[in-house]
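To start, the structure under review is shown below, and the notes come after it.
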Amino acid sequence: MCGIVGYIGNKQAHPILLEGLKRLEYRGYDSSGIALLNENQIEVFKKQGKVVEMENLVLSAGLQSTIGIGHTRWATHGAPNNINSHPHYSNSKRLAIIHNGIIENYATIKEGLLKRGYTFESETDTEVLVNLIEDVLVHTHVSLAEAVRIALNQVVGAYAIAVVEQGNVDQIVVAKKGSPLVIGIGEKEYFIASDATPFIEYTNQAIYLEEEEVGLISLEKGIEIRTTANKLIRPYIQELALEIESIEKGSYDHFMLKEVNEQPKSIFDTLRGRLLVDKSAICIGGLNQYEKILERRQNYYSCMWNLLACRLGCRIFN
Ligand code: GLU
């Protein structure tokens with residue numbers, strides 16, 4: 001899986017984002033990154049590996065910012081490396097995005113954007129999405145939230161996203177379909193995260209975004225939620241249990257019970273974007289560097305992958 005966090009308020013954003021990402025480490029990831037905003041620019045820090053390694057980059061930059069977004073990546077499109085890590089800028093660097101999930105029709109969208117002159121640094125579906133949003137912004141002159149909504153109507157796939165715009169330090173736009181996203185409401189501050197663990201010591205008031213909803217989070221205007229079909233939604237604010245343990249345990253009495261019951265979802269999340277049903281194949285990005293070793297040896301790992309392939313009736317490739 002993977003995780004997203006975000007903060008807008010009057011505190012320094014980066015300690016909250018970094019601590020939040022560490023709390024989401026249990027979900028599994030291969031790289032991490034954060035984007036911090038000030039009046040003039042969006043600054044992105046990202047790195048393959050552990051959150052602490054990326055943290056060093058952020059701390060040595062010494063940036064002051066009260067708004068930012070952060071991500072732990074579980075690569076589906078493109079190898080786990082620094083360039084493919086999130087956040088991703090749009091071409092003009094006007095926008096930065098973090099994304100959990102997969103955009104299934106990214107290749108078609110990318111083709112259209114390439115024809116219109118867009119270029120891409122990474123191999124990700126996410127960079128395609130942020131440029132699609134920028135393309136809508138440029139051509140329609142609507143607000144960022146509206147541009148996100150319009151762009152998502154062209155997207156097939158799963159997403160929890162957060163988008164920020166250069167020069168606008170009063171807003172984060174979020175959206176969700178298939179991947180979780182919760183907004184924490186504090187005293188003159190807002191948090192976003194994949195689950196409530198990153199912000200529970202700050203607030204127990206939370207809104208769980210429903211499928212195909214887009215949220216504008218603004219210090220000045222508050223929260224406005226619309227469906228991707230443009231229906232205004234009255235947000236349902238929930239009061240959360242205050243202990244991290246009980247949030248993590250959810251409605252289950254024991255962690256073991258939770259783990260057992262969540263196995264189908266965990267397997268689904270792990271294989272998301274990797275199980276190519278139409279090609280009857282599994283594509284495991286990142287394994288290609290070990291391909292030769294796996295080919296040469298009948299060791300434990302190759303046995304395991306072959307067993308998995310047999311069970312799923314597929315072949316495995318990179
Ligand atoms: N599909 C995106 C990527 O490969 C997001 C993966 C994730 O959910 O972390 O970068």
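How things are named: the first chain in the structure tokens is A, the next is B, and so on; residues count from 1 in each chain; ligands count from 1 in the order shown.
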
**Message:** Quick one: residues within 10 Å of Val58 (chain A), only C-alpha atoms, excluding same-chain residues fewer than 6 positions away - as an MDAnalysis selection string?
**Reply:** chainID A and resid 14:15 18 33:36 43:46 52

**Request:** If you run DSSP over the backbone, which residues in region 222-266 of chain A end up strand (DSSP E or B)? Put them as JSON, numbers by chain.
**Result:** {"A": [222, 223, 224, 225, 226, 227, 232, 233, 238, 239]}

**Message:** Show me which residues line ligand 1, defined as having an atom within 10 Å of a ligand atom where only C-alpha atoms and all ligand atoms count, and present them as a VMD selection string.
**Reply:** chain A and resid 1 to 4 28 to 32 71 to 81 83 to 88 98 to 104 106 122 to 127 157 to 161 179 269 to 270 272 to 273 285

Write the residues of the selection above to a file with C-alpha atoms, as a short mmCIF file (atom, residue, chain, number, x, y, z; two decimals), in the first residue's frame.
```cif
data_model
loop_
_atom_site.label_atom_id
_atom_site.label_comp_id
_atom_site.auth_asym_id
_atom_site.auth_seq_id
_atom_site.Cartn_x
_atom_site.Cartn_y
_atom_site.Cartn_z
CA MET A 1 0.00 0.00 0.00
CA CYS A 2 1.22 3.52 0.56
CA GLY A 3 0.20 6.67 2.35
CA ILE A 4 -0.60 10.34 1.99
CA GLY A 28 4.58 -0.48 3.29
CA TYR A 29 6.37 1.75 0.75
CA ASP A 30 9.52 2.06 -1.35
CA SER A 31 10.10 5.84 -1.42
CA SER A 32 8.78 9.04 0.08
CA HIS A 71 3.61 10.70 0.32
CA THR A 72 4.95 7.21 0.75
CA ARG A 73 5.01 5.39 -2.60
CA TRP A 74 4.34 1.77 -3.41
CA ALA A 75 5.39 1.80 -7.04
CA THR A 76 2.94 0.58 -9.65
CA HIS A 77 4.02 2.56 -12.74
CA GLY A 78 7.79 2.87 -13.04
CA ALA A 79 10.59 1.56 -10.86
CA PRO A 80 11.03 2.72 -7.27
CA ASN A 81 13.57 5.53 -7.72
CA ILE A 83 12.45 10.52 -10.11
CA ASN A 84 9.34 8.37 -9.91
CA SER A 85 8.80 9.26 -6.23
CA HIS A 86 6.03 11.70 -5.38
CA PRO A 87 5.20 14.61 -5.24
CA HIS A 88 5.20 15.30 -8.97
CA ILE A 98 0.63 13.19 -4.48
CA HIS A 99 -1.36 10.12 -5.45
CA ASN A 100 -2.16 6.69 -4.08
CA GLY A 101 -3.64 4.31 -6.59
CA ILE A 102 -3.44 3.76 -10.34
CA ILE A 103 -4.73 5.64 -13.36
CA GLU A 104 -5.70 2.82 -15.71
CA TYR A 106 -2.93 6.98 -18.25
CA SER A 122 8.92 10.14 -14.65
CA GLU A 123 7.33 6.90 -15.80
CA THR A 124 4.36 7.36 -13.49
CA ASP A 125 0.65 7.56 -14.16
CA THR A 126 0.58 10.29 -11.49
CA GLU A 127 2.64 12.78 -13.50
CA GLY A 157 -8.79 4.02 -12.04
CA ALA A 158 -8.25 4.43 -8.33
CA TYR A 159 -6.96 7.47 -6.54
CA ALA A 160 -6.52 9.35 -3.31
CA ILE A 161 -4.87 12.60 -4.35
CA SER A 179 -8.04 4.58 -2.01
CA ASP A 269 -3.91 -3.66 -2.60
CA THR A 270 -0.59 -5.46 -3.06
CA ARG A 272 -3.21 -3.44 -7.59
CA GLY A 273 -1.59 -2.30 -10.83
CA GLY A 285 8.30 -3.32 -11.34
#
```

**Request:** Write out as number ranges by chain each polymer residue whose atoms come within 10 Å of Asp135 (chain A), counting only C-alpha atoms; drop sequence neighbours fewer than 2 positions from it.
**Result:** A: 90-91, 113, 116, 118, 129-133, 137-141, 147, 151

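When CA of Lys188 (chain A) is paired with CA of Ile8 (chain A), their separation reads 8.7 Å.
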
**Message:** Would you pick out the contacts of Gly68 (chain A) at 10 Å or less, using only C-alpha atoms, so that residues sharing its chain but fewer than 5 positions from it are not included, and give the list as a PyMOL selection string?
**Reply:** chain A and resi 5-9+12-14+16-17+34-38+42-44+96+162-164+169+171-172+191

Write out as a tab-separated table a residue-level contact list of region 110-212 of chain A versus region 226-229 of chain A with cut-off 10 Å: for each qualifying residue the closest pair of atoms and the distance in Å to one decimal, counting only C-alpha atoms, rows sorted by chain and residue number upward.
```
residue	atom	partner	partner_atom	distance
A:Ala145	CA	A:Arg226	CA	9.3
A:Glu146	CA	A:Thr228	CA	9.2
A:Val148	CA	A:Thr228	CA	8.8
A:Arg149	CA	A:Thr228	CA	5.3
A:Ile150	CA	A:Thr228	CA	7.3
A:Ala151	CA	A:Thr228	CA	9.2
A:Leu152	CA	A:Thr228	CA	7.0
A:Asn153	CA	A:Thr228	CA	6.5
A:Ala175	CA	A:Thr228	CA	8.8
A:Lys176	CA	A:Thr228	CA	9.7
A:Glu210	CA	A:Thr227	CA	8.8
A:Glu211	CA	A:Thr227	CA	8.2
A:Glu212	CA	A:Thr228	CA	5.6
```

**Request:** Please indicate the distance in Å from CA of Gly49 (chain A) to CA of Glu134 (chain A), rounded to one decimal place.
**Result:** 29.1 Å
